[in-house]
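Student: Structure supplied as model-v4.tsv; contents: TSV, C-alpha atoms.
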chain	number	residue	atom	x	y	z
A	24	MET	CA	-57.34	62.07	200.02
A	25	LEU	CA	-56.68	65.29	198.13
A	26	ALA	CA	-54.14	67.85	199.38
A	27	LEU	CA	-54.43	71.39	198.02
A	28	ILE	CA	-51.35	73.49	198.73
A	29	ASP	CA	-51.29	77.29	198.57
A	30	ILE	CA	-47.67	77.34	197.51
A	31	GLY	CA	-47.21	81.09	197.84
A	32	ALA	CA	-48.53	81.23	201.39
A	33	GLU	CA	-46.44	78.22	202.39
A	34	PHE	CA	-43.28	79.56	200.78
A	35	TRP	CA	-43.54	83.10	202.11
A	36	LYS	CA	-44.32	81.84	205.61
A	37	ASN	CA	-41.09	79.85	205.47
A	38	TYR	CA	-39.15	82.71	203.90
A	39	PHE	CA	-40.14	85.40	206.38
A	40	GLY	CA	-39.63	82.95	209.23
A	41	SER	CA	-36.10	82.07	208.16
A	42	LYS	CA	-35.05	85.13	206.10
A	43	SER	CA	-33.45	82.66	203.71
A	44	ALA	CA	-34.57	81.83	200.18
A	45	VAL	CA	-32.68	78.52	200.38
A	46	THR	CA	-34.35	77.50	203.64
A	47	ALA	CA	-37.77	78.49	202.31
A	48	TYR	CA	-37.11	76.38	199.20
A	49	GLU	CA	-36.14	73.35	201.27
A	50	LEU	CA	-38.96	73.60	203.82
A	51	THR	CA	-41.63	74.15	201.17
A	52	LEU	CA	-40.46	71.17	199.14
A	53	GLU	CA	-40.40	69.05	202.30
A	54	ARG	CA	-44.08	69.81	202.84
A	55	ILE	CA	-44.97	68.92	199.24
A	56	ASP	CA	-42.82	65.79	199.36
A	57	TRP	CA	-44.50	64.58	202.55
A	58	TYR	CA	-47.93	64.68	200.94
A	59	ARG	CA	-46.84	62.87	197.80
A	60	HIS	CA	-45.47	60.02	199.93
A	61	VAL	CA	-48.60	59.40	202.04
A	62	ASP	CA	-50.76	58.02	199.24
A	63	CYS	CA	-52.35	61.40	198.66
A	64	ARG	CA	-53.26	63.23	195.48
A	65	THR	CA	-51.54	66.59	195.71
A	66	VAL	CA	-52.09	69.83	193.81
A	67	VAL	CA	-49.84	72.88	194.06
A	68	CYS	CA	-51.89	76.06	193.56
A	69	CYS	CA	-50.22	79.32	192.50
A	70	ASP	CA	-51.26	82.96	192.36
A	71	SER	CA	-51.60	84.57	188.96
A	72	PRO	CA	-49.38	87.65	188.51
A	73	LYS	CA	-52.54	89.44	187.37
A	74	SER	CA	-55.34	89.68	189.95
A	75	LYS	CA	-59.01	90.27	189.27
A	76	ARG	CA	-59.27	91.85	192.74
A	77	LYS	CA	-56.61	94.40	191.83
A	78	GLU	CA	-58.77	95.39	188.86
A	79	TRP	CA	-61.80	95.76	191.12
A	80	TYR	CA	-59.94	97.71	193.81
A	81	ALA	CA	-56.63	99.41	193.03
A	82	GLU	CA	-55.57	99.46	196.70
A	83	TYR	CA	-55.83	95.68	197.02
A	84	LYS	CA	-52.59	94.39	198.64
A	85	SER	CA	-50.98	97.78	197.94
A	86	ASN	CA	-49.58	97.86	201.48
A	87	ARG	CA	-47.25	94.93	200.81
A	88	PRO	CA	-43.57	95.67	200.06
A	89	PRO	CA	-41.98	94.22	196.91
A	90	LYS	CA	-40.76	90.63	197.26
A	91	PRO	CA	-36.96	90.03	197.07
A	92	ALA	CA	-35.81	88.83	193.66
A	93	ASP	CA	-33.85	85.87	195.03
A	94	ALA	CA	-36.91	84.67	196.94
A	95	ILE	CA	-39.12	84.91	193.84
A	96	GLU	CA	-36.59	82.82	191.92
A	97	SER	CA	-36.60	80.28	194.74
A	98	LEU	CA	-40.40	80.07	194.69
A	99	ILE	CA	-40.36	79.46	190.94
A	100	ALA	CA	-37.78	76.73	191.51
A	101	VAL	CA	-40.11	75.08	194.03
A	102	GLN	CA	-42.90	75.05	191.45
A	103	GLN	CA	-40.59	73.58	188.82
A	104	ARG	CA	-39.32	70.87	191.16
A	105	ALA	CA	-42.86	69.90	192.18
A	106	ALA	CA	-43.86	69.67	188.51
A	107	SER	CA	-40.84	67.44	187.82
A	108	TRP	CA	-42.23	65.02	190.43
A	109	GLY	CA	-45.43	64.74	188.39
A	110	ILE	CA	-47.45	66.92	190.78
A	111	PRO	CA	-49.97	69.23	189.07
A	112	VAL	CA	-48.89	72.85	189.46
A	113	VAL	CA	-51.87	75.05	188.65
A	114	GLN	CA	-52.20	78.74	187.79
A	115	CYS	CA	-55.11	80.53	186.11
A	116	ASP	CA	-54.95	84.05	184.73
A	117	GLY	CA	-56.57	86.55	187.10
A	118	TYR	CA	-57.17	84.05	189.90
A	119	GLU	CA	-55.32	83.63	193.18
A	120	ALA	CA	-54.29	80.29	194.66
A	121	ASP	CA	-57.13	80.64	197.18
A	122	ASP	CA	-59.64	80.71	194.33
A	123	LEU	CA	-58.17	77.62	192.69
A	124	ILE	CA	-58.33	75.79	196.00
A	125	ALA	CA	-61.97	76.78	196.45
A	126	ALA	CA	-62.82	75.49	192.97
A	127	LEU	CA	-60.96	72.21	193.38
A	128	ALA	CA	-62.30	71.58	196.88
A	129	SER	CA	-65.86	71.97	195.60
A	130	GLN	CA	-65.18	69.49	192.79
A	131	ALA	CA	-63.61	66.89	195.10
A	132	TRP	CA	-66.69	65.96	197.16
A	133	PRO	CA	-67.08	63.37	198.66
A	134	GLU	CA	-63.31	62.86	198.71
A	135	GLU	CA	-61.51	64.02	201.85
A	136	VAL	CA	-59.65	67.28	201.29
A	137	GLN	CA	-56.86	68.87	203.29
A	138	ILE	CA	-55.99	72.49	202.52
A	139	VAL	CA	-52.42	73.41	203.36
A	140	GLY	CA	-52.88	76.94	204.57
A	141	SER	CA	-54.77	78.44	207.50
A	142	GLU	CA	-55.41	81.92	206.04
A	143	LYS	CA	-58.70	83.37	207.21
A	144	ASP	CA	-60.46	83.16	203.85
A	145	PHE	CA	-59.94	79.38	203.74
A	146	PHE	CA	-62.11	78.92	206.82
A	147	CYS	CA	-65.26	79.39	204.74
A	148	LEU	CA	-64.39	76.18	202.86
A	149	ILE	CA	-64.39	73.96	205.95
A	150	GLY	CA	-66.99	71.20	205.91
A	151	ASP	CA	-67.51	67.53	206.68
A	152	THR	CA	-64.93	66.47	204.10
A	153	VAL	CA	-62.75	69.62	203.98
A	154	LYS	CA	-60.24	70.55	206.70
A	155	LEU	CA	-57.40	73.03	206.96
A	156	VAL	CA	-53.90	72.01	208.01
A	157	GLY	CA	-52.87	74.17	210.97
A	158	LYS	CA	-49.79	74.33	213.18
A	159	HIS	CA	-51.27	71.90	215.69
A	160	GLY	CA	-53.31	69.58	213.50
A	161	LEU	CA	-56.40	69.69	211.34
A	162	ILE	CA	-58.83	72.60	211.60
A	163	GLY	CA	-62.54	71.90	211.29
A	164	SER	CA	-65.80	73.61	212.16
A	165	ASN	CA	-65.22	73.43	215.92
A	166	GLU	CA	-61.81	75.03	215.64
A	167	CYS	CA	-63.24	77.73	213.36
A	168	PHE	CA	-65.89	78.55	215.97
A	169	GLU	CA	-63.34	78.54	218.78
A	170	LYS	CA	-61.09	80.95	216.88
A	171	PHE	CA	-63.60	83.39	215.40
A	172	GLY	CA	-66.87	82.72	217.22
A	173	VAL	CA	-68.67	82.02	213.93
A	174	LEU	CA	-69.28	78.98	211.74
A	175	PRO	CA	-67.48	78.40	208.42
A	176	CYS	CA	-70.63	79.40	206.51
A	177	GLN	CA	-70.47	82.81	208.24
A	178	MET	CA	-66.80	83.52	207.58
A	179	THR	CA	-67.27	85.47	204.33
A	180	ASP	CA	-69.69	87.86	206.05
A	181	TRP	CA	-67.37	88.07	209.06
A	182	LEU	CA	-64.39	88.95	206.85
A	183	ALA	CA	-66.41	91.58	205.01
A	184	LEU	CA	-67.40	93.24	208.29
A	185	VAL	CA	-63.89	93.13	209.74
A	186	GLY	CA	-61.88	93.74	206.58
A	187	ASP	CA	-58.34	92.47	206.14
A	188	THR	CA	-55.43	94.80	206.86
A	189	ALA	CA	-52.96	92.31	205.34
A	190	ASP	CA	-54.69	92.69	201.96
A	191	ALA	CA	-55.75	96.35	202.45
A	192	ILE	CA	-59.42	95.35	202.30
A	193	PRO	CA	-61.62	97.88	204.11
A	194	GLY	CA	-64.33	96.53	206.37
A	195	CYS	CA	-67.12	98.29	208.19
A	196	PRO	CA	-65.80	101.21	210.30
A	197	ASN	CA	-66.21	100.78	214.06
A	198	CYS	CA	-66.81	97.05	213.68
A	199	GLY	CA	-63.83	95.01	214.78
A	200	PRO	CA	-63.57	91.22	215.11
A	201	GLY	CA	-65.34	90.97	218.45
A	202	ARG	CA	-68.25	93.14	217.40
A	203	ALA	CA	-68.58	91.34	214.06
A	204	THR	CA	-68.76	88.03	215.90
A	205	THR	CA	-71.41	89.34	218.29
A	206	LEU	CA	-73.52	90.74	215.46
A	207	LEU	CA	-73.39	87.52	213.41
A	208	GLU	CA	-74.13	85.46	216.49
A	209	ARG	CA	-77.36	87.45	216.82
A	210	PHE	CA	-78.36	87.92	213.16
A	211	GLU	CA	-76.54	84.96	211.50
A	212	THR	CA	-75.86	86.69	208.15
A	213	LEU	CA	-74.82	90.12	206.93
A	214	GLU	CA	-78.02	90.31	204.88
A	215	LEU	CA	-80.20	89.75	207.96
A	216	LEU	CA	-78.09	92.18	209.97
A	217	ARG	CA	-78.60	94.95	207.43
A	218	ALA	CA	-82.33	94.21	207.31
A	219	ALA	CA	-82.69	94.42	211.09
A	220	SER	CA	-84.22	97.43	212.78
A	221	ASP	CA	-82.11	100.03	214.56
A	222	GLU	CA	-83.63	98.92	217.85
A	223	ASP	CA	-82.65	95.28	217.30
A	224	ILE	CA	-79.08	96.20	216.36
A	225	LEU	CA	-78.69	98.52	219.35
A	226	SER	CA	-79.92	95.74	221.63
A	227	VAL	CA	-76.80	93.71	220.85
A	228	PRO	CA	-74.29	93.97	223.73
A	229	GLY	CA	-71.40	96.30	222.90
A	230	VAL	CA	-73.10	97.90	219.90
A	231	GLY	CA	-73.76	101.61	220.21
A	232	LYS	CA	-74.98	104.42	218.00
A	233	LYS	CA	-71.55	104.92	216.40
A	234	THR	CA	-71.46	101.33	215.17
A	235	LEU	CA	-75.08	101.53	214.04
A	236	GLU	CA	-74.35	104.68	212.02
A	237	SER	CA	-71.36	102.97	210.40
A	238	LEU	CA	-73.41	99.91	209.49
A	239	ARG	CA	-76.11	102.05	207.89
A	240	ALA	CA	-73.62	104.14	205.91
A	241	TRP	CA	-71.42	101.24	204.83
A	242	ASP	CA	-71.83	99.56	201.45
A	243	PRO	CA	-70.59	95.96	201.87
A	244	SER	CA	-70.54	95.12	198.16
A	245	LEU	CA	-66.83	95.86	197.61
A	246	ALA	CA	-65.67	94.03	200.73
A	247	LEU	CA	-67.80	91.01	199.90
A	248	ARG	CA	-66.49	90.94	196.34
A	249	LEU	CA	-62.89	91.05	197.56
A	250	VAL	CA	-63.12	88.46	200.35
A	251	ARG	CA	-65.35	85.95	198.55
A	252	LEU	CA	-63.37	83.10	196.99
A	253	LEU	CA	-63.92	82.65	193.26
A	254	ASP	CA	-64.81	78.97	193.05
A	255	ASP	CA	-65.60	79.39	189.35
A	256	ALA	CA	-61.88	79.34	188.53
A	257	PRO	CA	-61.37	77.47	185.22
A	258	VAL	CA	-59.57	74.44	186.61
A	259	SER	CA	-60.76	70.84	186.43
A	260	LEU	CA	-59.80	68.27	189.03
A	261	ASP	CA	-60.57	65.45	186.60
A	262	THR	CA	-57.95	66.54	184.06
A	263	LEU	CA	-55.06	67.68	186.29
A	264	TRP	CA	-53.04	64.47	186.35
A	265	SER	CA	-53.37	63.78	182.64
A	266	SER	CA	-52.18	67.34	182.01
A	267	ALA	CA	-49.24	66.95	184.40
A	268	ALA	CA	-48.11	63.66	182.85
Using structure tokens, write down the structure from this file.

Tutor:
Amino acid sequence: MLALIDIGAEFWKNYFGSKSAVTAYELTLERIDWYRHVDCRTVVCCDSPKSKRKEWYAEYKSNRPPKPADAIESLIAVQQRAASWGIPVVQCDGYEADDLIAALASQAWPEEVQIVGSEKDFFCLIGDTVKLVGKHGLIGSNECFEKFGVLPCQMTDWLALVGDTADAIPGCPNCGPGRATTLLERFETLELLRAASDEDILSVPGVGKKTLESLRAWDPSLALRLVRLLDDAPVSLDTLWSSAA
């Protein structure tokens, strides 16, 4: 089995939950240590300081306050400790940890993959051999549908419609999560939704003229570019352990 850990998401979840850089350090290392002791190949994936998405859209993640210096030092220490254990710690210029995980997960088939992180963009990666690690166990296609009302293959379109306030990604105005789910349930994809007639769109329960006008005026290209994971990240699963040695 292959475990792919979004180290930033894991660390900051622990930090903001405890308000302690020391506690976040300890809890994050405990998670990494658990995987390395259950006969599991483990990769720690890190965000690049430079983001392609920031180049595409200056407002990307601009709503986030600066991270405390002591916490950043603690996160770096986690990465260094994991590397000292012989665990590959991966970072690629311009790519986020999510992108690296998407690339590595696609290369791992048919090996079983567990992604440590339940952020919304990871749900599009779920498949027969790929699961997310949630608070209450593994998250697969059924859990994705129960949570969002769409299948993993629809999650990128769903995220584009809804947007992501945490990352300051604008979605389609007047189209919240419930309406996005209803529209994709009817039309399956964003492409088919945009190709549908006004009459067909207005026939969807809960969709009125205001939503229709927003859909017609909205250009989804930016949102799709920002929410789509970059699985072309230049990282090779085959060479990680030889590089870490």

Student: Place a sphere of radius 12 Å on (-64.9, 86.3, 208.5) in the file coordinates and name every protein, DNA or RNA residue with an atom inside or on its surface, counting only C-alpha atoms; give the answer as number ranges by chain.

Tutor: A: 142-148, 167-168, 170-187, 194, 199-204, 206-207, 212-213, 246-247, 250-251

Student: Ranking A:Leu123, A:Ala44, A:Ile30, A:Cys63 by minimum distance to Lys90 in chain A and counting only C-alpha atoms, which one comes first?

Tutor: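 Result for the nearest residue to Lys90 in chain A: A:Ala44.
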
Student: Which polymer residues have any atom within 9 Å of an atom of range 93-110 of chain A, counting only C-alpha atoms, with same-chain residues fewer than 2 positions away left out, as a list in words?

Tutor: Ile30, Gly31, Phe34, Trp35, Tyr38, Ser43, Ala44, Val45, Ala47, Tyr48, Glu49, Thr51, Leu52, Ile55, Asp56, Arg59, Arg64, Thr65, Val66, Val67, Cys69, Lys90, Pro91, Val112, Leu263, Trp264, Ala267 and Ala268 of chain A

Student: With C-alpha atoms retained, could you export that selection as a short mmCIF file (atom, residue, chain, number, x, y, z; two decimals), in the frame of the given file?

Tutor:
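Produced file part.cif, reproduced below:
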data_model
loop_
_atom_site.label_atom_id
_atom_site.label_comp_id
_atom_site.auth_asym_id
_atom_site.auth_seq_id
_atom_site.Cartn_x
_atom_site.Cartn_y
_atom_site.Cartn_z
CA ILE A 30 -47.67 77.34 197.51
CA GLY A 31 -47.21 81.09 197.84
CA PHE A 34 -43.28 79.56 200.78
CA TRP A 35 -43.54 83.10 202.11
CA TYR A 38 -39.15 82.71 203.90
CA SER A 43 -33.45 82.66 203.71
CA ALA A 44 -34.57 81.83 200.18
CA VAL A 45 -32.68 78.52 200.38
CA ALA A 47 -37.77 78.49 202.31
CA TYR A 48 -37.11 76.38 199.20
CA GLU A 49 -36.14 73.35 201.27
CA THR A 51 -41.63 74.15 201.17
CA LEU A 52 -40.46 71.17 199.14
CA ILE A 55 -44.97 68.92 199.24
CA ASP A 56 -42.82 65.79 199.36
CA ARG A 59 -46.84 62.87 197.80
CA ARG A 64 -53.26 63.23 195.48
CA THR A 65 -51.54 66.59 195.71
CA VAL A 66 -52.09 69.83 193.81
CA VAL A 67 -49.84 72.88 194.06
CA CYS A 69 -50.22 79.32 192.50
CA LYS A 90 -40.76 90.63 197.26
CA PRO A 91 -36.96 90.03 197.07
CA VAL A 112 -48.89 72.85 189.46
CA LEU A 263 -55.06 67.68 186.29
CA TRP A 264 -53.04 64.47 186.35
CA ALA A 267 -49.24 66.95 184.40
CA ALA A 268 -48.11 63.66 182.85
#

Student: Considering all atoms listed in the file, can you say which of A:Asn197, A:Val61, A:Ala92, A:Val153 comes closest to Glu134 in chain A?

Tutor: A:Val153

Student: Just give me the gap between CA of His159 in chain A and CA of Val113 in chain A in Å, one decimal is fine.

Tutor: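 If I compute the distance from CA of His159 in chain A to CA of Val113 in chain A, I get 27.2 Å.
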
Student: With distances taken over only C-alpha atoms, which of A:Val258, A:Leu225, A:Ile192, A:Cys198 is nearest to Glu82 in chain A?

Tutor: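 Ranking A:Val258, A:Leu225, A:Ile192, A:Cys198 by distance to Glu82 in chain A, first place goes to A:Ile192.
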
Student: Of the candidates A:Asp116, A:Ile149, A:Lys154, A:Pro111, which one gets nearest to Met24 in chain A if we count all atoms listed in the file?

Tutor: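 So, comparing all the options, the nearest one is A:Lys154.
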
Student: List the spatial neighbours of Tyr80 in chain A as a ChimeraX atom specification - criterion: any atom at most 9 Å away, all atoms listed in the file, same-chain residues fewer than 5 positions off excluded.

Tutor: /A:75,192,245,249
